[in-house]
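Asker: Below is model_38.pdb; it holds PDB, C-alpha atoms and all ligand atoms.
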```pdb
ATOM      1  CA  ASP A   1     144.417  90.429 155.628
ATOM      2  CA  GLN A   2     147.669  88.700 156.455
ATOM      3  CA  GLY A   3     148.855  91.628 158.515
ATOM      4  CA  LEU A   4     151.361  93.027 156.084
ATOM      5  CA  GLN A   5     151.797  96.710 156.374
ATOM      6  CA  LYS A   6     149.831  98.498 153.749
ATOM      7  CA  SER A   7     152.405 100.749 152.347
ATOM      8  CA  SER A   8     153.075 102.982 149.411
ATOM      9  CA  GLU A   9     156.173 100.857 149.064
ATOM     10  CA  ASN A  10     154.417  97.612 148.229
ATOM     11  CA  ILE A  11     154.625  95.826 144.886
ATOM     12  CA  PHE A  12     151.246  96.992 143.694
ATOM     13  CA  SER A  13     151.666 100.705 144.368
ATOM     14  CA  LYS A  14     155.144 100.736 142.880
ATOM     15  CA  LEU A  15     153.818  99.020 139.802
ATOM     16  CA  SER A  16     150.995 101.538 139.514
ATOM     17  CA  LYS A  17     153.537 104.340 139.566
ATOM     18  CA  ALA A  18     155.770 102.630 137.038
ATOM     19  CA  VAL A  19     153.051 102.334 134.424
ATOM     20  CA  ILE A  20     151.703 105.880 134.654
ATOM     21  CA  GLY A  21     151.364 107.308 131.156
ATOM     22  CA  LYS A  22     151.923 103.954 129.502
ATOM     23  CA  SER A  23     149.218 101.878 127.906
ATOM     24  CA  LYS A  24     151.169  98.875 126.706
ATOM     25  CA  VAL A  25     153.370  96.419 128.548
ATOM     26  CA  ASP A  26     156.704  96.718 126.759
ATOM     27  CA  GLU A  27     160.289  95.934 127.558
ATOM     28  CA  ASP A  28     160.671  99.065 129.645
ATOM     29  CA  VAL A  29     157.649  98.220 131.807
ATOM     30  CA  LEU A  30     158.969  94.694 132.300
ATOM     31  CA  ASP A  31     162.394  96.051 133.259
ATOM     32  CA  GLN A  32     160.753  98.228 135.858
ATOM     33  CA  LEU A  33     158.676  95.333 137.123
ATOM     34  CA  GLU A  34     161.825  93.268 137.416
ATOM     35  CA  GLU A  35     163.393  95.930 139.579
ATOM     36  CA  ILE A  36     160.289  96.253 141.733
ATOM     37  CA  LEU A  37     160.235  92.520 142.400
ATOM     38  CA  ILE A  38     163.921  92.373 143.221
ATOM     39  CA  THR A  39     163.617  95.357 145.551
ATOM     40  CA  ALA A  40     160.706  93.600 147.254
ATOM     41  CA  ASP A  41     163.059  90.670 148.048
ATOM     42  CA  VAL A  42     161.412  88.215 145.686
ATOM     43  CA  GLY A  43     164.935  87.105 144.740
ATOM     44  CA  VAL A  44     166.604  87.108 141.350
ATOM     45  CA  ASP A  45     165.704  83.589 140.216
ATOM     46  CA  THR A  46     162.050  83.854 141.090
ATOM     47  CA  THR A  47     161.839  87.355 139.637
ATOM     48  CA  ILE A  48     163.246  86.136 136.330
ATOM     49  CA  LYS A  49     160.759  83.288 136.348
ATOM     50  CA  VAL A  50     157.834  85.667 136.869
ATOM     51  CA  ILE A  51     159.053  88.078 134.175
ATOM     52  CA  ARG A  52     159.472  85.196 131.704
ATOM     53  CA  ARG A  53     155.957  84.013 132.318
ATOM     54  CA  ILE A  54     154.579  87.478 131.738
ATOM     55  CA  GLU A  55     156.696  87.840 128.588
ATOM     56  CA  GLU A  56     155.229  84.591 127.324
ATOM     57  CA  ARG A  57     151.758  85.908 127.869
ATOM     58  CA  VAL A  58     152.601  89.155 126.100
ATOM     59  CA  ALA A  59     154.064  87.212 123.179
ATOM     60  CA  LYS A  60     151.031  84.965 122.936
ATOM     61  CA  ASP A  61     148.443  87.721 123.045
ATOM     62  CA  LYS A  62     150.639  90.155 121.068
ATOM     63  CA  TYR A  63     149.419  92.966 123.304
ATOM     64  CA  LEU A  64     148.999  93.429 127.018
ATOM     65  CA  SER A  65     147.670  96.634 128.479
ATOM     66  CA  THR A  66     149.334  98.014 131.580
ATOM     67  CA  GLY A  67     145.890  98.069 133.167
ATOM     68  CA  GLU A  68     145.849  94.275 133.095
ATOM     69  CA  LEU A  69     149.385  93.859 134.350
ATOM     70  CA  ASP A  70     148.567  93.824 138.050
ATOM     71  CA  VAL A  71     145.910  91.153 137.579
ATOM     72  CA  ILE A  72     148.358  89.021 135.622
ATOM     73  CA  LEU A  73     151.151  89.556 138.109
ATOM     74  CA  LYS A  74     148.830  88.578 140.908
ATOM     75  CA  GLU A  75     147.858  85.413 139.049
ATOM     76  CA  GLU A  76     151.486  84.502 138.454
ATOM     77  CA  ILE A  77     152.462  85.071 142.087
ATOM     78  CA  ALA A  78     149.468  83.069 143.272
ATOM     79  CA  ALA A  79     150.420  80.261 140.895
ATOM     80  CA  LEU A  80     153.993  80.228 142.214
ATOM     81  CA  LEU A  81     152.842  80.043 145.805
ATOM     82  CA  GLU A  82     150.378  77.330 144.948
ATOM     83  CA  GLU A  83     153.137  75.092 143.621
ATOM     84  CA  ASN A  84     154.626  74.669 147.069
ATOM     85  CA  ASN A  85     151.777  75.551 149.350
ATOM     86  CA  THR A  86     149.463  72.879 148.066
ATOM     87  CA  GLU A  87     147.485  72.457 151.239
ATOM     88  CA  ASP A  88     145.247  75.185 152.446
ATOM     89  CA  LEU A  89     145.726  74.899 156.166
ATOM     90  CA  SER A  90     142.914  75.577 158.488
ATOM     91  CA  ASN A  91     143.599  77.098 161.842
ATOM     92  CA  PHE A  92     146.173  75.230 163.904
ATOM     93  CA  ASP A  93     144.812  71.817 163.055
ATOM     94  CA  LEU A  94     146.994  68.785 163.650
ATOM     95  CA  PRO A  95     146.889  65.432 161.869
ATOM     96  CA  LYS A  96     144.729  63.125 163.975
ATOM     97  CA  ASP A  97     146.903  60.059 163.481
ATOM     98  CA  LYS A  98     150.016  61.721 164.875
ATOM     99  CA  LYS A  99     149.828  62.200 168.596
ATOM    100  CA  PRO A 100     151.864  63.747 169.924
ATOM    101  CA  TYR A 101     152.667  65.728 166.809
ATOM    102  CA  VAL A 102     156.341  66.616 167.041
ATOM    103  CA  ILE A 103     157.661  69.906 165.705
ATOM    104  CA  MET A 104     161.390  70.585 165.703
ATOM    105  CA  VAL A 105     162.123  74.274 165.295
ATOM    106  CA  VAL A 106     165.338  75.535 163.713
ATOM    107  CA  GLY A 107     166.700  78.944 162.800
ATOM    108  CA  VAL A 108     169.507  81.335 163.702
ATOM    109  CA  ASN A 109     169.419  83.570 166.750
ATOM    110  CA  GLY A 110     167.394  86.716 166.536
ATOM    111  CA  VAL A 111     164.989  85.649 163.811
ATOM    112  CA  GLY A 112     162.156  85.218 166.302
ATOM    113  CA  LYS A 113     162.458  81.495 166.942
ATOM    114  CA  THR A 114     161.605  81.556 170.652
ATOM    115  CA  THR A 115     158.791  84.031 170.108
ATOM    116  CA  THR A 116     157.367  81.855 167.338
ATOM    117  CA  ILE A 117     157.458  78.810 169.603
ATOM    118  CA  GLY A 118     155.685  80.768 172.344
ATOM    119  CA  LYS A 119     153.059  81.982 169.891
ATOM    120  CA  LEU A 120     152.574  78.477 168.519
ATOM    121  CA  ALA A 121     152.156  77.070 172.021
ATOM    122  CA  HIS A 122     149.576  79.733 172.758
ATOM    123  CA  GLN A 123     147.639  79.155 169.553
ATOM    124  CA  PHE A 124     147.602  75.385 169.912
ATOM    125  CA  LYS A 125     146.377  75.804 173.461
ATOM    126  CA  GLN A 126     143.685  78.176 172.323
ATOM    127  CA  ALA A 127     142.660  75.512 169.832
ATOM    128  CA  GLY A 128     142.169  73.128 172.761
ATOM    129  CA  LYS A 129     145.401  71.172 172.396
ATOM    130  CA  SER A 130     147.865  70.218 175.090
ATOM    131  CA  VAL A 131     151.429  71.306 174.452
ATOM    132  CA  VAL A 132     154.893  70.476 175.822
ATOM    133  CA  LEU A 133     157.931  72.598 175.001
ATOM    134  CA  GLY A 134     161.544  71.437 175.000
ATOM    135  CA  ALA A 135     164.385  73.899 175.607
ATOM    136  CA  ALA A 136     166.996  72.152 173.467
ATOM    137  CA  ASP A 137     168.692  75.393 172.425
ATOM    138  CA  THR A 138     171.090  74.903 175.288
ATOM    139  CA  PHE A 139     173.847  76.992 173.775
ATOM    140  CA  ARG A 140     172.496  80.300 174.985
ATOM    141  CA  ALA A 141     171.273  80.909 178.519
ATOM    142  CA  ALA A 142     168.856  83.518 177.210
ATOM    143  CA  ALA A 143     167.196  81.009 174.917
ATOM    144  CA  VAL A 144     166.463  78.620 177.779
ATOM    145  CA  ASP A 145     165.246  81.406 180.084
ATOM    146  CA  GLN A 146     163.087  82.936 177.398
ATOM    147  CA  LEU A 147     161.418  79.663 176.567
ATOM    148  CA  ILE A 148     160.687  79.063 180.249
ATOM    149  CA  LEU A 149     159.178  82.530 180.414
ATOM    150  CA  TRP A 150     156.980  81.827 177.410
ATOM    151  CA  GLY A 151     155.930  78.551 179.045
ATOM    152  CA  GLU A 152     154.788  80.475 182.120
ATOM    153  CA  ARG A 153     153.085  83.122 180.054
ATOM    154  CA  VAL A 154     151.036  80.692 177.997
ATOM    155  CA  ASP A 155     150.812  78.080 180.757
ATOM    156  CA  VAL A 156     152.438  75.066 179.136
ATOM    157  CA  PRO A 157     155.171  72.846 180.615
ATOM    158  CA  VAL A 158     158.742  73.429 179.479
ATOM    159  CA  ILE A 159     161.346  70.698 179.767
ATOM    160  CA  SER A 160     164.761  72.182 180.413
ATOM    161  CA  HIS A 161     168.103  70.987 181.718
ATOM    162  CA  GLY A 162     169.609  74.442 181.691
ATOM    163  CA  MET A 163     172.417  75.846 179.626
ATOM    164  CA  ASN A 164     175.254  73.851 178.046
ATOM    165  CA  THR A 165     173.485  70.561 178.574
ATOM    166  CA  ASP A 166     172.981  67.911 175.907
ATOM    167  CA  PRO A 167     170.206  69.068 173.547
ATOM    168  CA  ALA A 168     169.352  65.483 172.625
ATOM    169  CA  ALA A 169     168.772  64.654 176.301
ATOM    170  CA  VAL A 170     166.353  67.567 176.536
ATOM    171  CA  ALA A 171     164.542  66.368 173.416
ATOM    172  CA  PHE A 172     164.402  62.835 174.838
ATOM    173  CA  ASP A 173     162.840  64.006 178.099
ATOM    174  CA  THR A 174     160.432  66.327 176.329
ATOM    175  CA  VAL A 175     159.024  63.654 174.056
ATOM    176  CA  LYS A 176     158.949  61.192 176.965
ATOM    177  CA  LYS A 177     156.935  63.635 179.050
ATOM    178  CA  ALA A 178     154.579  64.343 176.141
ATOM    179  CA  VAL A 179     153.918  60.655 175.625
ATOM    180  CA  GLU A 180     153.319  60.167 179.363
ATOM    181  CA  MET A 181     150.850  62.997 179.577
ATOM    182  CA  ASN A 182     149.235  62.094 176.262
ATOM    183  CA  ALA A 183     149.940  65.559 174.913
ATOM    184  CA  ASP A 184     148.826  66.660 171.465
ATOM    185  CA  VAL A 185     151.893  68.532 170.386
ATOM    186  CA  VAL A 186     155.585  68.772 171.235
ATOM    187  CA  ILE A 187     157.649  71.745 170.148
ATOM    188  CA  ILE A 188     161.421  71.473 170.447
ATOM    189  CA  ASP A 189     163.616  74.546 170.271
ATOM    190  CA  THR A 190     167.101  73.897 168.874
ATOM    191  CA  ALA A 191     170.289  75.917 168.599
ATOM    192  CA  GLY A 192     170.943  77.700 165.337
ATOM    193  CA  ARG A 193     174.674  77.943 165.052
ATOM    194  CA  LEU A 194     175.200  78.134 161.349
ATOM    195  CA  HIS A 195     178.928  78.710 161.385
ATOM    196  CA  THR A 196     179.489  75.109 162.323
ATOM    197  CA  LYS A 197     177.385  73.323 159.776
ATOM    198  CA  VAL A 198     178.662  69.849 160.543
ATOM    199  CA  ASN A 199     177.981  70.314 164.237
ATOM    200  CA  LEU A 200     174.543  71.652 163.510
ATOM    201  CA  MET A 201     173.808  68.715 161.266
ATOM    202  CA  ASN A 202     175.068  66.235 163.849
ATOM    203  CA  GLU A 203     173.145  67.883 166.624
ATOM    204  CA  LEU A 204     169.876  67.887 164.682
ATOM    205  CA  THR A 205     170.404  64.288 163.602
ATOM    206  CA  LYS A 206     171.011  63.244 167.182
ATOM    207  CA  ILE A 207     167.919  65.073 168.404
ATOM    208  CA  LYS A 208     165.839  63.345 165.739
ATOM    209  CA  ARG A 209     167.266  59.960 166.634
ATOM    210  CA  VAL A 210     166.409  60.153 170.315
ATOM    211  CA  MET A 211     162.873  61.309 169.570
ATOM    212  CA  GLN A 212     162.430  58.290 167.337
ATOM    213  CA  LYS A 213     162.929  56.056 170.357
ATOM    214  CA  PHE A 214     159.399  57.064 171.300
ATOM    215  CA  ILE A 215     157.823  57.988 167.989
ATOM    216  CA  ASP A 216     159.025  56.276 164.817
ATOM    217  CA  ASP A 217     158.275  59.076 162.413
ATOM    218  CA  ALA A 218     159.265  62.027 164.631
ATOM    219  CA  PRO A 219     159.794  64.845 163.976
ATOM    220  CA  HIS A 220     156.636  65.269 161.929
ATOM    221  CA  GLU A 221     157.585  68.793 161.099
ATOM    222  CA  VAL A 222     160.924  70.573 160.879
ATOM    223  CA  LEU A 223     160.029  74.232 160.969
ATOM    224  CA  LEU A 224     162.619  76.763 159.833
ATOM    225  CA  VAL A 225     162.069  80.241 161.230
ATOM    226  CA  LEU A 226     163.270  83.101 159.030
ATOM    227  CA  ASP A 227     163.156  86.843 159.607
ATOM    228  CA  GLY A 228     161.193  88.255 156.689
ATOM    229  CA  SER A 229     162.695  91.701 157.132
ATOM    230  CA  THR A 230     166.230  90.538 156.384
ATOM    231  CA  GLY A 231     165.831  89.931 152.673
ATOM    232  CA  GLN A 232     168.850  88.183 151.233
ATOM    233  CA  ASN A 233     169.956  86.915 154.649
ATOM    234  CA  ALA A 234     166.771  84.934 154.895
ATOM    235  CA  PHE A 235     167.595  83.305 151.528
ATOM    236  CA  LEU A 236     171.119  82.458 152.702
ATOM    237  CA  GLN A 237     169.854  80.933 155.925
ATOM    238  CA  ALA A 238     167.301  78.868 154.051
ATOM    239  CA  LYS A 239     170.118  77.601 151.857
ATOM    240  CA  GLU A 240     172.303  76.621 154.815
ATOM    241  CA  PHE A 241     169.554  74.950 156.781
ATOM    242  CA  THR A 242     168.179  72.998 153.852
ATOM    243  CA  ARG A 243     171.685  71.628 153.396
ATOM    244  CA  ALA A 244     171.955  70.639 157.044
ATOM    245  CA  THR A 245     168.576  68.952 157.448
ATOM    246  CA  ASP A 246     165.230  68.285 155.793
ATOM    247  CA  ILE A 247     163.131  71.362 156.342
ATOM    248  CA  THR A 248     159.428  70.639 155.887
ATOM    249  CA  ALA A 249     157.860  74.014 156.634
ATOM    250  CA  LEU A 250     158.687  77.682 157.037
ATOM    251  CA  ALA A 251     157.675  80.330 159.516
ATOM    252  CA  ILE A 252     158.475  83.808 158.260
ATOM    253  CA  THR A 253     158.504  86.435 160.991
ATOM    254  CA  LYS A 254     158.462  90.221 161.262
ATOM    255  CA  LEU A 255     156.339  90.748 158.198
ATOM    256  CA  ASP A 256     154.546  93.498 160.113
ATOM    257  CA  GLY A 257     157.551  95.780 159.886
ATOM    258  CA  THR A 258     158.184  95.457 156.198
ATOM    259  CA  ALA A 259     156.492  96.046 152.893
ATOM    260  CA  LYS A 260     158.842  93.483 151.428
ATOM    261  CA  GLY A 261     156.622  90.436 151.628
ATOM    262  CA  GLY A 262     158.360  89.270 148.469
ATOM    263  CA  VAL A 263     160.692  87.144 150.538
ATOM    264  CA  VAL A 264     157.780  84.766 151.164
ATOM    265  CA  ILE A 265     157.287  84.259 147.421
ATOM    266  CA  GLY A 266     160.961  83.832 146.579
ATOM    267  CA  ILE A 267     161.845  81.486 149.398
ATOM    268  CA  SER A 268     158.905  79.158 148.955
ATOM    269  CA  ASP A 269     159.644  79.040 145.218
ATOM    270  CA  GLN A 270     163.386  78.547 145.433
ATOM    271  CA  PHE A 271     163.459  76.020 148.209
ATOM    272  CA  LYS A 272     160.200  74.232 147.370
ATOM    273  CA  ILE A 273     159.092  74.399 150.977
ATOM    274  CA  PRO A 274     155.631  75.475 152.063
ATOM    275  CA  VAL A 275     155.242  78.579 154.176
ATOM    276  CA  LYS A 276     153.143  77.489 157.113
ATOM    277  CA  TYR A 277     153.137  80.421 159.491
ATOM    278  CA  ILE A 278     153.798  84.123 159.332
ATOM    279  CA  GLY A 279     154.720  86.372 162.248
ATOM    280  CA  VAL A 280     153.076  89.761 162.202
ATOM    281  CA  GLY A 281     154.030  91.273 165.562
ATOM    282  CA  GLU A 282     155.462  90.612 168.992
ATOM    283  CA  LYS A 283     152.305  89.582 170.832
ATOM    284  CA  MET A 284     151.353  85.956 171.356
ATOM    285  CA  THR A 285     148.400  86.317 169.028
ATOM    286  CA  ASP A 286     150.599  87.704 166.243
ATOM    287  CA  LEU A 287     151.157  84.443 164.444
ATOM    288  CA  GLN A 288     148.963  83.448 161.559
ATOM    289  CA  VAL A 289     148.555  80.299 159.580
ATOM    290  CA  PHE A 290     149.737  81.262 156.116
ATOM    291  CA  ASN A 291     146.907  81.826 153.705
ATOM    292  CA  ARG A 292     147.965  82.099 150.084
ATOM    293  CA  LYS A 293     145.037  84.082 148.856
ATOM    294  CA  GLU A 294     145.004  86.588 151.692
ATOM    295  CA  PHE A 295     148.728  87.001 151.420
ATOM    296  CA  VAL A 296     148.647  87.734 147.696
ATOM    297  CA  ASP A 297     145.719  90.093 148.202
ATOM    298  CA  SER A 298     147.676  91.983 150.841
ATOM    299  CA  LEU A 299     150.509  92.590 148.376
ATOM    300  CA  PHE A 300     148.092  94.253 146.001
ATOM    301  CA  LYS A 301     146.263  96.568 148.349
TER     302      LYS A 301
HETATM  303  P1  LIG A 401     165.351  84.155 168.667
HETATM  304  O1  LIG A 401     166.708  84.607 169.082
HETATM  305  O2  LIG A 401     165.324  83.670 167.272
HETATM  306  O3  LIG A 401     164.733  83.200 169.609
HETATM  307  O4  LIG A 401     164.470  85.468 168.625
HETATM  308  P2  LIG A 401     163.375  86.012 169.636
HETATM  309  O5  LIG A 401     162.201  85.118 169.646
HETATM  310  O6  LIG A 401     164.027  86.319 170.924
HETATM  311  O7  LIG A 401     162.938  87.355 168.882
HETATM  312  C1  LIG A 401     163.851  88.403 168.620
HETATM  313  C2  LIG A 401     163.057  89.722 168.615
HETATM  314  O8  LIG A 401     162.170  89.733 167.509
HETATM  315  C3  LIG A 401     162.201  89.920 169.850
HETATM  316  O9  LIG A 401     162.280  91.262 170.236
HETATM  317  C4  LIG A 401     160.793  89.579 169.363
HETATM  318  O10 LIG A 401     159.790  90.241 170.088
HETATM  319  C5  LIG A 401     160.858  90.055 167.942
HETATM  320  N1  LIG A 401     159.890  89.359 167.055
HETATM  321  C6  LIG A 401     159.699  88.038 166.885
HETATM  322  N2  LIG A 401     158.742  87.794 165.957
HETATM  323  C7  LIG A 401     158.295  89.004 165.528
HETATM  324  C8  LIG A 401     157.314  89.436 164.564
HETATM  325  O11 LIG A 401     156.638  88.656 163.882
HETATM  326  N3  LIG A 401     157.164  90.784 164.419
HETATM  327  C9  LIG A 401     157.902  91.693 165.140
HETATM  328  N4  LIG A 401     157.683  92.979 164.916
HETATM  329  N5  LIG A 401     158.831  91.313 166.022
HETATM  330  C10 LIG A 401     159.028  89.993 166.233
END
```
Could you show the structure in this file as structure tokens?
Ligand code: GDP
Answerer:
Amino acid sequence: DQGLQKSSENIFSKLSKAVIGKSKVDEDVLDQLEEILITADVGVDTTIKVIRRIEERVAKDKYLSTGELDVILKEEIAALLEENNTEDLSNFDLPKDKKPYVIMVVGVNGVGKTTTIGKLAHQFKQAGKSVVLGAADTFRAAAVDQLILWGERVDVPVISHGMNTDPAAVAFDTVKKAVEMNADVVIIDTAGRLHTKVNLMNELTKIKRVMQKFIDDAPHEVLLVLDGSTGQNAFLQAKEFTRATDITALAITKLDGTAKGGVVIGISDQFKIPVKYIGVGEKMTDLQVFNRKEFVDSLFK
């Protein structure tokens, strides 16, 4: 189970209610399904895509019973996720030819960025890897302090120059330290000030550039953290960040508090970015490597 709350509000149970007393998938059932998907934060574009695909199947087979609809919906959602999540990740593995593996983490304040970094550090450590963290979100004192706290909690070094210092200098020192100590993974926290897109873009570009002084192809991963409980806001943030920099992977947090896992489906589909991690609680163990099959299953429980 991918930790999603089993709820009477999930896609599957709503669908079951919608088809009570109906034997055939008709326009009315599809309208209801459309509404269910939109309410679950799948997003309009992806919802329309799913409905079209089901309509095509209805048209081809002339008849679809409502009893089969959940199986078909599940297949369509799985197929959508598969398009962008091509790799099935195993637990916190890192590519062997990239050492240290450099992860730059982006996202707006409050989405769970620092927590996700702490959880990642913990999980990589548990998997026997050495980790260095860089506190390059120097815009907020709390961000620096919190990262230091996480470093203490999970026992990994944190490179910090304090608040209002140059983020690129922090990134430089972090990667330098990681190379010196032959670390396996570097995770750099960055500031997520979306209201100044050009600044954000410049800052991220500069951070990348200094890291490349040590490692040509760094960062190996640009991880965007989104709060899964914020629905349309998560879509908007994904839009802004994908405009500012190349996002290679997503971490979607706070899926424990919501039955609206649909955001995972819509965002991966609309932005063509794989979902790599999901946050399912506040504890350091509450981060899971995204598993397509388990995730889809959890929507239909
Ligand atoms: P940041 O500002 O993006 O760095 O956000 P924080 O890491 O400080 O997290 C903001 C709040 O969200 C904190 O109270 C976290 O404990 C909480 N949080 C983070 N991830 C999750 C999650 O997956 N589930 C739940 N329930 N809470 C989370």
Asker: Find the residues near ligand LIG 401 (chain A). Use a cut-off of 7 Å, count all atoms listed in the file, and write them as a PyMOL selection string.
Answerer: chain A and resi 107-116+143+253-257+279-282+286-287
Asker: Tell me which protein, DNA and RNA residues are within 8 Å of segment 83-97 of chain A, counting only C-alpha atoms, leaving out same-chain ones fewer than 2 positions away, and put them as JSON, numbers by chain.
Answerer: {"A": [79, 80, 81, 99, 101, 123, 124, 127, 268, 269, 272, 273, 274, 275, 276, 289, 290, 291, 292]}
Asker: Which residues, written as a list of chain:residue names, have at least one atom at most 10 Å from Leu147 of chain A, with all atoms listed in the file counted and residues fewer than 2 positions away on the same chain left out?
Answerer: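 So the residues in contact are A:Lys113, A:Thr114, A:Thr115, A:Ile117, A:Gly118, A:Leu133, A:Gly134, A:Ala135, A:Ala136, A:Asp137, A:Ala142, A:Ala143, A:Val144, A:Asp145, A:Leu149, A:Trp150, A:Gly151, A:Glu152, A:Arg153, A:Val158, A:Ile159, A:Ser160, A:Asp189.
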Asker: Would you please work out which residue, of A:Leu120, A:Val102, A:Ile188, A:Ile252, is nearest to Pro219 of chain A when using all atoms listed in the file?
Answerer: A:Val102
Asker: Ranking A:Thr174, A:Thr285, A:Thr66, A:Asn182 by minimum distance to Val210 of chain A and counting only C-alpha atoms, which one comes first?
Answerer: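 Residue with the minimum atom-to-atom distance to Val210 of chain A: A:Thr174.
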Asker: Skipping near chain neighbours, those fewer than 4 positions away, what residues fall within 6 Å of segment 34-50 of chain A using only C-alpha atoms, listed as an NGL selection string?
Answerer: :A and (231 or 260 or 262-263 or 265-266)
Asker: Mind giving me the straight-line distance from atom CA of Asp173 of chain A to atom CA of His161 of chain A in Å, one decimal?
Answerer: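 Between atom CA of Asp173 of chain A and atom CA of His161 of chain A the gap works out to 9.5 Å.
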Asker: At what distance in Å, to one decimal, does atom CA of Ile103 of chain A lie from atom CA of Lys213 of chain A?
Answerer: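 Atom CA of Ile103 of chain A lies 15.5 Å from atom CA of Lys213 of chain A.
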Asker: With all atoms listed in the file as the atoms that count, which of A:His122, A:Lys206, A:Lys74, A:His220 lies nearest to Met284 of chain A?
Answerer: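 Smallest distance to Met284 of chain A is found for A:His122.
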Asker: If the PyMOL selection byres (((chain A and resi 245) around 8) and not hetatm) is run on the structure shown, which residues does it catch, given as a ChimeraX atom specification?
Answerer: /A:201,204-205,241-244,246-247
Asker: Here is a test: counting all atoms listed in the file, which residue of A:Ile51, A:Ala141, A:Leu15, A:Val154 is nearest to Leu30 of chain A?
Answerer: A:Ile51
Asker: Could you please fill out segment 60-65 of chain A with all heavy atoms and send it back as a PDB file, keeping the file's coordinate frame?
Answerer:
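File produced: part11.pdb:
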```pdb
ATOM      1  N   LYS A  60     152.166  85.748 123.410  1.00  0.00           N
ATOM      2  CA  LYS A  60     151.031  84.965 122.936  1.00  0.00           C
ATOM      3  C   LYS A  60     149.866  85.860 122.513  1.00  0.00           C
ATOM      4  O   LYS A  60     149.261  85.642 121.465  1.00  0.00           O
ATOM      5  CB  LYS A  60     150.583  84.022 124.064  1.00  0.00           C
ATOM      6  CG  LYS A  60     149.703  82.900 123.608  1.00  0.00           C
ATOM      7  CD  LYS A  60     149.612  81.818 124.691  1.00  0.00           C
ATOM      8  CE  LYS A  60     148.190  81.328 124.806  1.00  0.00           C
ATOM      9  NZ  LYS A  60     147.501  81.756 126.017  1.00  0.00           N
ATOM     10  N   ASP A  61     149.589  86.858 123.343  1.00  0.00           N
ATOM     11  CA  ASP A  61     148.443  87.721 123.045  1.00  0.00           C
ATOM     12  C   ASP A  61     148.826  88.933 122.197  1.00  0.00           C
ATOM     13  O   ASP A  61     147.975  89.758 121.881  1.00  0.00           O
ATOM     14  CB  ASP A  61     147.799  88.219 124.349  1.00  0.00           C
ATOM     15  CG  ASP A  61     147.323  87.072 125.218  1.00  0.00           C
ATOM     16  OD1 ASP A  61     147.186  85.953 124.669  1.00  0.00           O
ATOM     17  OD2 ASP A  61     147.103  87.272 126.425  1.00  0.00           O
ATOM     18  N   LYS A  62     150.096  89.040 121.857  1.00  0.00           N
ATOM     19  CA  LYS A  62     150.639  90.155 121.068  1.00  0.00           C
ATOM     20  C   LYS A  62     150.585  91.499 121.798  1.00  0.00           C
ATOM     21  O   LYS A  62     151.406  92.363 121.594  1.00  0.00           O
ATOM     22  CB  LYS A  62     149.911  90.312 119.710  1.00  0.00           C
ATOM     23  CG  LYS A  62     149.969  89.078 118.838  1.00  0.00           C
ATOM     24  CD  LYS A  62     151.312  88.952 118.112  1.00  0.00           C
ATOM     25  CE  LYS A  62     151.303  87.797 117.133  1.00  0.00           C
ATOM     26  NZ  LYS A  62     151.453  86.490 117.814  1.00  0.00           N
ATOM     27  N   TYR A  63     149.600  91.664 122.658  1.00  0.00           N
ATOM     28  CA  TYR A  63     149.419  92.966 123.304  1.00  0.00           C
ATOM     29  C   TYR A  63     148.908  92.746 124.720  1.00  0.00           C
ATOM     30  O   TYR A  63     148.042  91.927 124.962  1.00  0.00           O
ATOM     31  CB  TYR A  63     148.401  93.797 122.518  1.00  0.00           C
ATOM     32  CG  TYR A  63     148.164  95.165 123.116  1.00  0.00           C
ATOM     33  CD1 TYR A  63     148.973  96.249 122.753  1.00  0.00           C
ATOM     34  CD2 TYR A  63     147.145  95.370 124.050  1.00  0.00           C
ATOM     35  CE1 TYR A  63     148.758  97.500 123.307  1.00  0.00           C
ATOM     36  CE2 TYR A  63     146.934  96.629 124.605  1.00  0.00           C
ATOM     37  CZ  TYR A  63     147.741  97.694 124.228  1.00  0.00           C
ATOM     38  OH  TYR A  63     147.537  98.922 124.772  1.00  0.00           O
ATOM     39  N   LEU A  64     149.512  93.462 125.648  1.00  0.00           N
ATOM     40  CA  LEU A  64     148.999  93.429 127.018  1.00  0.00           C
ATOM     41  C   LEU A  64     148.934  94.864 127.510  1.00  0.00           C
ATOM     42  O   LEU A  64     149.928  95.591 127.429  1.00  0.00           O
ATOM     43  CB  LEU A  64     149.937  92.597 127.900  1.00  0.00           C
ATOM     44  CG  LEU A  64     149.562  92.434 129.370  1.00  0.00           C
ATOM     45  CD1 LEU A  64     148.284  91.605 129.528  1.00  0.00           C
ATOM     46  CD2 LEU A  64     150.693  91.759 130.136  1.00  0.00           C
ATOM     47  N   SER A  65     147.775  95.260 127.994  1.00  0.00           N
ATOM     48  CA  SER A  65     147.670  96.634 128.479  1.00  0.00           C
ATOM     49  C   SER A  65     148.212  96.713 129.896  1.00  0.00           C
ATOM     50  O   SER A  65     148.151  95.742 130.652  1.00  0.00           O
ATOM     51  CB  SER A  65     146.215  97.106 128.436  1.00  0.00           C
ATOM     52  OG  SER A  65     145.528  96.600 129.552  1.00  0.00           O
TER      53      SER A  65
END
```
